[in-house]
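Shown next: entry-v4.txt, given as compact mmCIF, C-alpha atoms.
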# COMPACT_ATOMS: atom_id res chain seq x y z
CA MET A 994 151.11 122.67 38.43
CA VAL A 995 151.36 124.12 34.92
CA CYS A 996 147.56 124.43 34.72
CA GLU A 997 147.64 126.54 37.87
CA LEU A 998 150.47 128.66 36.45
CA VAL A 999 148.33 129.34 33.37
CA ARG A 1000 145.45 130.44 35.61
CA ALA A 1001 147.78 132.69 37.62
CA VAL A 1002 149.02 134.32 34.40
CA GLU A 1003 145.42 134.85 33.29
CA ARG A 1004 144.50 136.43 36.63
CA ALA A 1005 147.45 138.76 36.17
CA GLY A 1006 145.86 139.98 32.94
CA VAL A 1007 147.65 137.92 30.26
CA PRO A 1008 145.41 135.83 27.94
CA ARG A 1009 146.28 132.14 28.01
CA ASP A 1010 146.67 132.01 24.22
CA GLU A 1011 149.39 134.64 24.47
CA PHE A 1012 151.12 132.58 27.16
CA PHE A 1013 150.86 129.40 25.08
CA ARG A 1014 152.45 131.12 22.09
CA ALA A 1015 155.27 132.65 24.13
CA ALA A 1016 155.95 129.39 25.97
CA GLU A 1017 155.61 127.26 22.80
CA ILE A 1018 153.34 124.70 24.44
CA GLU A 1019 150.20 122.97 23.19
CA PRO A 1020 146.97 123.38 25.19
CA ALA A 1021 146.34 119.63 24.83
CA TRP A 1022 149.37 118.93 27.02
CA LEU A 1023 147.46 120.35 29.98
CA GLU A 1024 144.53 117.99 29.54
CA SER A 1025 146.31 114.66 30.09
CA ASP A 1026 146.39 113.16 33.59
CA ASP A 1027 149.38 111.06 32.58
CA PHE A 1028 151.58 113.94 31.43
CA ARG A 1029 154.23 115.02 33.91
CA TRP A 1030 156.27 118.17 33.40
CA ARG A 1031 160.02 118.11 33.93
CA ARG A 1032 161.18 120.65 36.50
CA ALA A 1033 163.56 122.17 33.97
CA ASP A 1034 160.61 122.85 31.65
CA VAL A 1035 158.52 124.29 34.50
CA PHE A 1036 161.34 126.71 35.35
CA GLY A 1037 161.30 127.87 31.73
CA LEU A 1038 157.54 128.41 31.84
CA CYS A 1039 157.89 130.39 35.07
CA GLN A 1040 160.38 132.71 33.37
CA VAL A 1041 157.94 133.26 30.51
CA ALA A 1042 155.17 134.00 33.03
CA LEU A 1043 157.34 136.55 34.86
CA ASP A 1044 158.26 138.24 31.59
CA LEU A 1045 154.66 138.48 30.38
CA THR A 1046 153.01 139.56 33.63
CA ARG A 1047 155.84 141.83 34.81
CA ASP A 1048 154.77 140.89 38.33
CA PRO A 1049 157.86 140.14 40.48
CA ALA A 1050 155.54 138.83 43.22
CA LEU A 1051 153.82 136.37 40.89
CA GLY A 1052 154.89 133.44 43.07
CA LEU A 1053 153.07 134.91 46.07
CA HIS A 1054 149.96 135.68 44.05
CA TRP A 1055 150.05 132.26 42.39
CA GLY A 1056 150.24 130.57 45.80
CA GLU A 1057 147.50 132.83 47.17
CA TRP A 1058 145.15 131.82 44.36
CA LEU A 1059 145.63 128.06 44.78
CA THR A 1060 142.53 126.14 45.84
CA ALA A 1061 141.96 122.85 47.65
CA SER A 1062 141.68 121.03 44.31
CA SER A 1063 144.50 122.75 42.44
CA PHE A 1064 146.48 119.57 41.94
CA ASN A 1065 143.53 117.26 41.31
CA LEU A 1066 144.32 113.73 42.50
CA ILE A 1067 147.14 114.75 44.85
CA SER A 1068 145.06 117.50 46.46
CA HIS A 1069 142.14 115.17 47.14
CA LEU A 1070 144.44 112.45 48.42
CA LEU A 1071 146.09 114.80 50.92
CA ALA A 1072 142.74 116.22 52.04
CA HIS A 1073 141.43 112.77 53.04
CA ALA A 1074 144.60 111.58 54.84
CA SER A 1075 143.99 110.87 58.52
CA THR A 1076 146.64 113.23 59.94
CA LEU A 1077 149.05 115.90 58.76
CA HIS A 1078 151.92 113.45 59.24
CA ARG A 1079 150.16 110.92 57.00
CA ALA A 1080 149.55 113.63 54.42
CA LEU A 1081 153.24 114.56 54.37
CA GLU A 1082 154.23 110.90 53.94
CA THR A 1083 151.73 110.74 51.06
CA LEU A 1084 153.18 113.89 49.53
CA HIS A 1085 156.68 112.40 49.66
CA ARG A 1086 155.46 109.17 48.04
CA PHE A 1087 153.29 110.65 45.29
CA GLY A 1088 154.97 114.03 44.76
CA PRO A 1089 156.55 112.66 41.55
CA LEU A 1090 153.06 112.76 40.02
CA VAL A 1091 153.38 116.56 40.04
CA THR A 1092 157.02 116.89 38.98
CA ASP A 1093 159.84 114.51 38.12
CA GLN A 1094 162.00 115.75 41.02
CA PHE A 1095 159.97 116.42 44.15
CA ARG A 1096 162.27 117.74 46.89
CA VAL A 1097 160.59 118.45 50.23
CA VAL A 1098 161.75 116.68 53.38
CA LEU A 1099 160.34 116.58 56.92
CA VAL A 1100 162.88 117.20 59.69
CA LYS A 1101 161.96 116.87 63.38
CA THR A 1102 163.98 118.94 65.85
CA GLY A 1103 162.81 118.91 69.45
CA ASP A 1104 159.34 120.46 69.74
CA LEU A 1105 159.45 121.74 66.17
CA ALA A 1106 159.02 120.18 62.74
CA GLU A 1107 160.53 121.61 59.57
CA LEU A 1108 159.41 121.16 56.00
CA ARG A 1109 162.53 121.93 53.98
CA SER A 1110 162.92 122.40 50.27
CA ASN A 1111 165.96 120.49 49.04
CA ASP A 1112 166.09 122.31 45.73
CA GLU A 1113 169.67 122.94 44.65
CA THR A 1114 169.13 124.03 41.08
CA GLU A 1115 171.14 127.02 39.89
CA GLN A 1116 168.22 129.15 38.75
CA PRO A 1117 168.05 132.95 38.54
CA LEU A 1118 166.98 134.66 41.75
CA ALA A 1119 163.58 135.63 40.32
CA ILE A 1120 162.78 131.97 39.56
CA ARG A 1121 164.05 130.78 42.94
CA ARG A 1122 161.83 133.34 44.64
CA LEU A 1123 158.77 132.45 42.57
CA THR A 1124 159.03 128.72 43.25
CA ALA A 1125 159.87 129.24 46.94
CA GLU A 1126 156.90 131.58 47.41
CA MET A 1127 154.44 129.19 45.79
CA LEU A 1128 155.87 126.19 47.68
CA THR A 1129 155.79 127.77 51.15
CA LEU A 1130 152.27 129.10 50.68
CA GLY A 1131 151.18 125.64 49.56
CA LEU A 1132 152.78 124.01 52.61
CA LEU A 1133 151.24 126.60 54.91
CA ASP A 1134 147.83 125.93 53.38
CA LEU A 1135 148.30 122.18 53.90
CA ILE A 1136 149.21 122.67 57.57
CA ARG A 1137 146.16 124.85 58.15
CA HIS A 1138 143.87 122.36 56.43
CA PHE A 1139 144.66 119.98 59.28
CA ALA A 1140 145.38 122.32 62.18
CA GLY A 1141 142.77 124.96 61.43
CA PRO A 1142 142.80 128.25 59.50
CA ASN A 1143 144.21 130.17 62.47
CA ALA A 1144 147.09 127.76 63.16
CA LYS A 1145 150.35 129.61 63.76
CA VAL A 1146 153.72 128.50 62.44
CA ALA A 1147 157.03 129.38 64.07
CA ARG A 1148 158.53 130.87 60.91
CA VAL A 1149 158.54 130.69 57.14
CA CYS A 1150 162.13 130.62 55.90
CA PHE A 1151 163.68 131.87 52.67
CA GLU A 1152 167.33 131.44 51.69
CA TYR A 1153 167.53 134.70 49.77
CA PRO A 1154 167.50 138.34 50.97
CA ALA A 1155 164.21 140.19 51.41
CA PRO A 1156 162.92 141.46 48.02
CA HIS A 1157 161.68 144.98 47.41
CA TYR A 1158 158.07 143.73 47.66
CA ARG A 1159 158.62 142.43 51.19
CA LEU A 1160 155.31 143.91 52.39
CA GLU A 1161 153.50 141.28 50.32
CA TYR A 1162 155.29 138.61 52.36
CA GLY A 1163 154.12 140.27 55.54
CA ARG A 1164 150.54 140.35 54.30
CA LEU A 1165 150.48 136.64 53.46
CA PHE A 1166 152.79 135.19 56.13
CA GLU A 1167 151.66 137.54 58.93
CA GLY A 1168 155.15 138.40 60.12
CA ALA A 1169 156.43 134.81 60.24
CA GLU A 1170 158.66 135.35 57.17
CA ARG A 1171 162.43 135.23 57.69
CA PHE A 1172 165.05 135.94 55.03
CA ASP A 1173 168.71 134.92 54.56
CA GLN A 1174 167.94 131.60 56.26
CA PRO A 1175 169.92 128.36 55.84
CA PHE A 1176 167.00 126.70 54.05
CA THR A 1177 163.65 127.48 52.43
CA GLY A 1178 160.63 125.99 54.14
CA VAL A 1179 158.12 126.15 56.98
CA VAL A 1180 158.83 125.56 60.68
CA PHE A 1181 155.87 124.71 62.89
CA PRO A 1182 155.02 123.06 66.26
CA ARG A 1183 155.69 119.35 66.04
CA ALA A 1184 152.41 118.59 67.80
CA LEU A 1185 150.55 119.73 64.66
CA LEU A 1186 151.76 116.58 62.88
CA HIS A 1187 149.04 114.70 64.79
CA ALA A 1188 146.26 117.10 63.75
CA GLN A 1189 143.41 115.25 62.02
CA SER A 1190 141.85 116.23 58.72
CA PRO A 1191 138.27 117.52 58.83
CA GLN A 1192 137.77 115.46 55.66
CA LYS A 1193 139.34 112.27 57.01
CA ASP A 1194 138.01 109.27 55.08
CA ASP A 1195 140.12 106.11 55.28
CA ASP A 1196 138.18 104.23 52.59
CA LEU A 1197 138.37 107.09 50.10
CA TYR A 1198 142.03 107.64 50.94
CA ALA A 1199 142.76 103.96 50.20
CA THR A 1200 140.93 104.15 46.88
CA LEU A 1201 142.74 107.33 45.84
CA SER A 1202 146.09 105.86 46.94
CA ASP A 1203 145.57 102.87 44.66
CA LEU A 1204 144.71 105.18 41.77
CA ALA A 1205 147.78 107.34 42.46
CA ALA A 1206 150.02 104.26 42.65
CA ARG A 1207 148.78 103.00 39.28
CA ARG A 1208 149.24 106.41 37.70
CA LEU A 1209 152.76 106.65 39.11
CA LEU A 1210 153.62 103.25 37.64
CA ARG A 1211 152.44 104.42 34.22
CA LEU A 1212 154.55 107.56 34.47
CA GLU A 1213 157.61 105.61 35.59
CA GLY A 1214 157.13 103.27 32.65
CA ARG A 1215 157.82 106.20 30.33
CA ALA A 1216 160.54 107.82 32.43
CA PRO A 1217 164.26 107.55 31.56
CA TYR A 1218 165.86 104.47 33.08
CA SER A 1219 168.13 106.58 35.28
CA VAL A 1220 165.02 108.17 36.85
CA ARG A 1221 163.39 104.77 37.38
CA VAL A 1222 166.52 103.31 38.94
CA ARG A 1223 166.99 106.33 41.24
CA HIS A 1224 163.34 106.26 42.32
CA HIS A 1225 163.48 102.53 43.10
CA LEU A 1226 166.71 102.83 45.08
CA ILE A 1227 165.49 105.79 47.15
CA GLN A 1228 162.54 103.68 48.33
CA GLN A 1229 164.88 101.03 49.74
CA ARG A 1230 166.15 100.92 53.32
CA THR A 1231 169.67 99.96 52.23
CA PRO A 1232 170.15 101.20 48.65
CA HIS A 1233 173.90 100.56 48.83
CA ARG A 1234 173.16 96.83 49.15
CA VAL A 1235 170.71 96.61 46.26
CA SER A 1236 172.40 95.04 43.27
CA MET A 1237 171.98 96.05 39.67
CA GLN A 1238 170.57 92.57 39.04
CA GLN A 1239 167.81 93.17 41.59
CA VAL A 1240 166.87 96.52 40.08
CA ALA A 1241 166.91 95.13 36.54
CA ARG A 1242 164.58 92.33 37.64
CA ARG A 1243 162.24 94.90 39.25
CA LEU A 1244 162.18 96.93 36.02
CA GLY A 1245 161.64 93.85 33.86
CA ILE A 1246 164.84 94.24 31.87
CA SER A 1247 168.12 92.34 31.62
CA VAL A 1248 171.22 93.62 33.40
CA ARG A 1249 172.98 94.02 30.08
CA SER A 1250 170.10 96.09 28.65
CA LEU A 1251 169.88 98.22 31.78
CA HIS A 1252 173.62 98.91 31.64
CA ARG A 1253 173.30 99.93 27.97
CA ARG A 1254 170.30 102.21 28.66
CA LEU A 1255 172.08 103.96 31.54
CA THR A 1256 175.19 104.44 29.43
CA GLU A 1257 173.10 105.99 26.65
CA GLU A 1258 171.69 108.43 29.26
CA GLY A 1259 175.19 109.30 30.49
CA GLN A 1260 174.63 107.60 33.85
CA SER A 1261 176.07 104.65 35.74
CA TYR A 1262 174.45 102.34 38.26
CA ALA A 1263 177.21 102.96 40.83
CA VAL A 1264 176.68 106.73 40.75
CA LEU A 1265 172.90 106.35 41.09
CA ALA A 1266 173.31 103.94 44.01
CA ASN A 1267 175.68 106.36 45.75
CA GLU A 1268 173.24 109.24 45.20
CA ALA A 1269 170.36 107.23 46.65
CA SER A 1270 172.46 106.12 49.63
CA ALA A 1271 173.57 109.69 50.30
CA HIS A 1272 169.96 110.89 50.05
CA LEU A 1273 168.76 108.38 52.66
CA ALA A 1274 171.73 108.89 55.00
CA LYS A 1275 171.35 112.68 54.95
CA ARG A 1276 167.63 112.42 55.57
CA LEU A 1277 168.30 110.30 58.66
CA LEU A 1278 171.04 112.62 59.94
CA MET A 1279 168.87 115.71 59.45
CA ASP A 1280 166.42 114.26 61.99
CA ASP A 1281 167.75 115.11 65.45
CA ASN A 1282 165.88 112.08 66.83
CA HIS A 1283 168.45 109.85 65.13
CA THR A 1284 171.96 109.55 66.51
CA ILE A 1285 174.73 108.74 64.06
CA HIS A 1286 174.81 105.23 65.52
CA GLU A 1287 171.07 104.82 64.92
CA ALA A 1288 171.37 106.13 61.37
CA ALA A 1289 174.14 103.60 60.72
CA HIS A 1290 172.01 100.79 62.16
CA THR A 1291 168.95 101.83 60.12
CA MET A 1292 171.01 101.60 56.94
CA GLY A 1293 172.26 98.15 57.84
CA PHE A 1294 175.80 98.95 59.03
CA SER A 1295 177.12 96.82 61.89
CA ASP A 1296 179.37 99.58 63.22
CA VAL A 1297 179.67 103.36 63.01
CA SER A 1298 183.14 103.30 61.46
CA SER A 1299 181.85 101.45 58.38
CA PHE A 1300 179.02 103.96 58.05
CA HIS A 1301 181.53 106.79 58.47
CA ARG A 1302 183.67 105.51 55.59
CA ALA A 1303 180.66 104.91 53.34
CA PHE A 1304 179.16 108.33 54.07
CA ARG A 1305 182.48 110.01 53.27
CA ARG A 1306 182.65 108.09 49.98
CA TRP A 1307 179.09 109.12 49.07
CA THR A 1308 179.28 112.76 50.08
CA GLY A 1309 182.91 113.83 50.54
CA THR A 1310 182.32 114.70 54.20
CA THR A 1311 181.72 112.88 57.50
CA PRO A 1312 178.42 112.29 59.33
CA GLY A 1313 179.63 114.45 62.22
CA ALA A 1314 180.65 117.33 59.98
CA PHE A 1315 177.34 117.11 58.13
CA ARG A 1316 175.42 117.57 61.40
CA THR A 1317 177.59 120.48 62.55
CA PRO A 1318 175.80 123.82 62.15
CA SER A 1319 178.94 125.51 60.88
CA VAL A 1320 178.87 123.40 57.75
CA ASP A 1321 177.72 125.25 54.63
CA PRO A 1322 173.90 124.93 54.71
CA ARG A 1323 173.84 124.01 51.04
CA SER A 1324 175.97 120.98 51.87
CA ARG A 1325 173.62 119.95 54.64
CA ARG A 1326 170.59 120.36 52.37
CA ALA A 1327 172.00 118.22 49.59
CA GLY A 1328 170.27 115.03 48.60
Once more with this new file: its structure as structure tokens, please.
Amino acid sequence: MVCELVRAVERAGVPRDEFFRAAEIEPAWLESDDFRWRRADVFGLCQVALDLTRDPALGLHWGEWLTASSFNLISHLLAHASTLHRALETLHRFGPLVTDQFRVVLVKTGDLAELRSNDETEQPLAIRRLTAEMLTLGLLDLIRHFAGPNAKVARVCFEYPAPHYRLEYGRLFEGAERFDQPFTGVVFPRALLHAQSPQKDDDLYATLSDLAARRLLRLEGRAPYSVRVRHHLIQQRTPHRVSMQQVARRLGISVRSLHRRLTEEGQSYAVLANEASAHLAKRLLMDDNHTIHEAAHTMGFSDVSSFHRAFRRWTGTTPGAFRTPSVDPRSRRAG
């Protein structure tokens, strides 16, 4: 991602050496496949890029300049997935290779599918716009890789008001852009999820998946323990039932050592388990194909009332209120 930002800055007329000096980064950091940028650092680099280029629409131009191989391993892996749905599952699994907090969820509602950004960081509007523009253009490009270059989406949503350079949105999104929406993302016909890749190659996909899995394990081995614990719990069907002993065993560390490491990072296992449980529960409830009863069953609850109490403890609201459109959209997006 940062390599592509550097190229975007260069295309805007700023020499990369000038960007490196202003951002205080070493060129060698861009050459390692096993180096992952924290989102907080990427936001800082984006601000430097905006300041140097003086291009408020840099996010749109950055996204427009992306190529099929912009993200190396991830790009190739997605290109060879059998269907768009498989590619999105792959993106959810291996997105952490690109950034430490990958937040895009797939929501199915009737005949439509939504790719929603679950980014709740309190960044300046210019940074929120830049990242939203690049993300939505990337998602649109992914959809069209599978469904064809002329595939139409229902709408491209942005949470913020239309900027003064709105005509650039119209040029790139062809009138599908919508502002002041409850979420940022792309809405498209659900049938496109079954579209097959013109580069479908199951054997190559399997090989690249193994490589991505090994690389992810190496990255997780250097990640803070709170990140490793959260990542492990989110992958579980019932994170609220996974004990600290089980996670410690998975990470190859004693419970006592894990407790000490989390304390040093200002975290607790109970909070991380609640966050992971809330994340999974909200993801289930955001899919209109799941009733509250089915969501409760999926998470291992024998009755809805127990799920209701647990959900309220995790989130401060009820499953029913969470699914009600009148609820603050930021609350519904959380997790």
Exercise for the section: Starting from the point (171.9, 113.5, 66.8), work out which residues of protein, DNA or RNA have an atom no more than 12 Å away when counting all atoms listed in the file; state them as a VMD selection string. Expected result: chain A and resid 1101 to 1103 1275 1277 to 1289 1312 to 1318
Exercise for the section: Find the spatial neighbours of range 1138-1148 of chain A, counting all atoms listed in the file, within a cut-off of 7 Å - ignore same-chain residues fewer than 5 positions away - and output them as an MDAnalysis selection string. Expected result: chainID A and resid 1077 1169:1171 1179:1182 1185 1188:1191
Handout entry: Distance in Å - CA of Ala1271 in chain A versus CA of Phe1294 in chain A
Key =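 Separating CA of Ala1271 in chain A from CA of Phe1294 in chain A is a distance of 14.0 Å.
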Exercise for the section: Could you please determine the separation between CA of Ala1266 in chain A and CA of Val1035 in chain A in Å, to one decimal place? Expected result: 26.9 Å
Practice task
Please indicate the distance in Å from CA of Ile1018 in chain A to CA of Thr1129 in chain A, rounded to one decimal place.
Solution key: 27.0 Å
Could you list, as a short mmCIF file (atom, residue, chain, number, x, y, z; two decimals) with C-alpha atoms, in the coordinates of the input, every residue within 8 Å of Arg1009 in chain A, counting all atoms listed in the file and ignoring same-chain residues fewer than 3 positions away?
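Ended up saving to part00.cif:
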data_model
loop_
_atom_site.label_atom_id
_atom_site.label_comp_id
_atom_site.auth_asym_id
_atom_site.auth_seq_id
_atom_site.Cartn_x
_atom_site.Cartn_y
_atom_site.Cartn_z
CA VAL A 999 148.33 129.34 33.37
CA ARG A 1000 145.45 130.44 35.61
CA VAL A 1002 149.02 134.32 34.40
CA GLU A 1003 145.42 134.85 33.29
CA PHE A 1012 151.12 132.58 27.16
CA PHE A 1013 150.86 129.40 25.08
#
Exercise for the section: Find the residues near Leu1204 in chain A: any atom within 12 Å, counting only C-alpha atoms, skip ones fewer than 6 places away on the same chain, and give them as a list in words. Expected result: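 Counting only the stated atoms, we get Asp1026, Asp1027, Leu1066, Ile1067, His1069, Leu1070, Phe1087, Leu1090, Leu1197, Tyr1198, Leu1210 and Arg1211 of chain A.
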Problem - Who sits within 9 Å of Met1127 in chain A, all atoms listed in the file, same chain under 5 positions skipped, as an NGL selection string - result: :A and (1051-1057 or 1059 or 1122 or 1132)
Handout entry: Contact residues around range 1236-1238 of chain A with only C-alpha atoms at 12 Å, ignoring same-chain residues under 4 positions, as a list in words
Key =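 Here the qualifying residues turn out to be Val1222, Arg1223, His1225, Leu1226, Gln1229, Thr1231, Pro1232, Arg1242, Arg1243, Leu1244, Gly1245, Ile1246, Ser1247, Val1248, Arg1249, Ser1250, Leu1251, His1252, Leu1255, Ser1261, Tyr1262, Ala1263, Val1264, Leu1265 and Ala1266 of chain A.
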Exercise for the section: Select, counting all atoms listed in the file, all protein, DNA and RNA residues no farther than 12 Å from (156.4, 126.4, 24.5) in file coordinates, and express the selection as number ranges by chain. Expected result: A: 995, 1010-1020, 1022, 1034-1042
Write out, as a PDB file, in the frame of the given file, the residues just selected, with C-alpha atoms.
ATOM      1  CA  VAL A 995     151.360 124.120  34.920  1.00  0.00           C
ATOM      2  CA  ASP A1010     146.670 132.010  24.220  1.00  0.00           C
ATOM      3  CA  GLU A1011     149.390 134.640  24.470  1.00  0.00           C
ATOM      4  CA  PHE A1012     151.120 132.580  27.160  1.00  0.00           C
ATOM      5  CA  PHE A1013     150.860 129.400  25.080  1.00  0.00           C
ATOM      6  CA  ARG A1014     152.450 131.120  22.090  1.00  0.00           C
ATOM      7  CA  ALA A1015     155.270 132.650  24.130  1.00  0.00           C
ATOM      8  CA  ALA A1016     155.950 129.390  25.970  1.00  0.00           C
ATOM      9  CA  GLU A1017     155.610 127.260  22.800  1.00  0.00           C
ATOM     10  CA  ILE A1018     153.340 124.700  24.440  1.00  0.00           C
ATOM     11  CA  GLU A1019     150.200 122.970  23.190  1.00  0.00           C
ATOM     12  CA  PRO A1020     146.970 123.380  25.190  1.00  0.00           C
ATOM     13  CA  TRP A1022     149.370 118.930  27.020  1.00  0.00           C
ATOM     14  CA  ASP A1034     160.610 122.850  31.650  1.00  0.00           C
ATOM     15  CA  VAL A1035     158.520 124.290  34.500  1.00  0.00           C
ATOM     16  CA  PHE A1036     161.340 126.710  35.350  1.00  0.00           C
ATOM     17  CA  GLY A1037     161.300 127.870  31.730  1.00  0.00           C
ATOM     18  CA  LEU A1038     157.540 128.410  31.840  1.00  0.00           C
ATOM     19  CA  CYS A1039     157.890 130.390  35.070  1.00  0.00           C
ATOM     20  CA  GLN A1040     160.380 132.710  33.370  1.00  0.00           C
ATOM     21  CA  VAL A1041     157.940 133.260  30.510  1.00  0.00           C
ATOM     22  CA  ALA A1042     155.170 134.000  33.030  1.00  0.00           C
TER      23      ALA A1042
END
Set out as JSON lines a contact list for range 1224-1272 of chain A and range 1301-1306 of chain A with a cut-off of 10 Å, giving each residue of range 1224-1272 of chain A that qualifies its closest atom pair and distance in Å to one decimal, counting only C-alpha atoms, ordered by chain and rising residue number.
{"residue": "A:His1233", "atom": "CA", "partner": "A:Ala1303", "partner_atom": "CA", "distance": 9.2}
{"residue": "A:Asn1267", "atom": "CA", "partner": "A:Arg1306", "partner_atom": "CA", "distance": 8.3}
{"residue": "A:Ser1270", "atom": "CA", "partner": "A:Phe1304", "partner_atom": "CA", "distance": 8.3}
{"residue": "A:Ala1271", "atom": "CA", "partner": "A:Phe1304", "partner_atom": "CA", "distance": 6.9}
Handout entry: Residue nearest Val1091 in chain A among A:Ala1184, A:Ser1075, A:Trp1058, A:Ser1068 (counting only C-alpha atoms)
Key =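 Residue with the minimum atom-to-atom distance to Val1091 in chain A: A:Ser1068.
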Exercise for the section: Name the closest residue to Thr1256 in chain A among the candidates A:Gly1178, A:Leu1186, A:Glu1115, A:Ser1219; distances are taken between atoms, counting only C-alpha atoms. Expected result: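 Closest to Thr1256 in chain A, using only C-alpha atoms: A:Ser1219.
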Handout entry: Counting all atoms listed in the file, the residue of A:Arg1086, A:Pro1117, A:Glu1268, A:Glu1107 that sits nearest Gln1228 in chain A
Key = A:Arg1086
Generate a file for range 1078-1089 of chain A, containing N, CA and C atoms, as an mmCIF file, in the first residue's frame.
data_model
loop_
_atom_site.group_PDB
_atom_site.id
_atom_site.type_symbol
_atom_site.label_atom_id
_atom_site.label_comp_id
_atom_site.auth_asym_id
_atom_site.auth_seq_id
_atom_site.Cartn_x
_atom_site.Cartn_y
_atom_site.Cartn_z
ATOM 1 N N HIS A 1078 -16.995 -14.126 -4.886
ATOM 2 C CA HIS A 1078 -17.263 -14.442 -3.478
ATOM 3 C C HIS A 1078 -16.020 -15.058 -2.832
ATOM 4 N N ARG A 1079 -15.358 -15.956 -3.552
ATOM 5 C CA ARG A 1079 -14.137 -16.579 -3.026
ATOM 6 C C ARG A 1079 -13.054 -15.519 -2.847
ATOM 7 N N ALA A 1080 -12.971 -14.594 -3.776
ATOM 8 C CA ALA A 1080 -11.973 -13.531 -3.670
ATOM 9 C C ALA A 1080 -12.213 -12.669 -2.440
ATOM 10 N N LEU A 1081 -13.483 -12.366 -2.150
ATOM 11 C CA LEU A 1081 -13.801 -11.537 -0.985
ATOM 12 C C LEU A 1081 -13.499 -12.282 0.310
ATOM 13 N N GLU A 1082 -13.766 -13.588 0.334
ATOM 14 C CA GLU A 1082 -13.397 -14.388 1.508
ATOM 15 C C GLU A 1082 -11.878 -14.373 1.694
ATOM 16 N N THR A 1083 -11.160 -14.452 0.585
ATOM 17 C CA THR A 1083 -9.691 -14.422 0.622
ATOM 18 C C THR A 1083 -9.192 -13.074 1.125
ATOM 19 N N LEU A 1084 -9.846 -12.008 0.670
ATOM 20 C CA LEU A 1084 -9.466 -10.668 1.101
ATOM 21 C C LEU A 1084 -9.672 -10.505 2.601
ATOM 22 N N HIS A 1085 -10.762 -11.051 3.110
ATOM 23 C CA HIS A 1085 -11.033 -10.969 4.550
ATOM 24 C C HIS A 1085 -9.974 -11.752 5.338
ATOM 25 N N ARG A 1086 -9.570 -12.902 4.799
ATOM 26 C CA ARG A 1086 -8.608 -13.748 5.508
ATOM 27 C C ARG A 1086 -7.202 -13.169 5.490
ATOM 28 N N PHE A 1087 -6.779 -12.670 4.317
ATOM 29 C CA PHE A 1087 -5.386 -12.245 4.160
ATOM 30 C C PHE A 1087 -5.212 -10.733 4.109
ATOM 31 N N GLY A 1088 -6.288 -9.977 4.292
ATOM 32 C CA GLY A 1088 -6.170 -8.525 4.344
ATOM 33 C C GLY A 1088 -5.136 -8.033 5.341
ATOM 34 N N PRO A 1089 -4.964 -8.725 6.489
ATOM 35 C CA PRO A 1089 -3.944 -8.282 7.449
ATOM 36 C C PRO A 1089 -2.525 -8.277 6.896
#
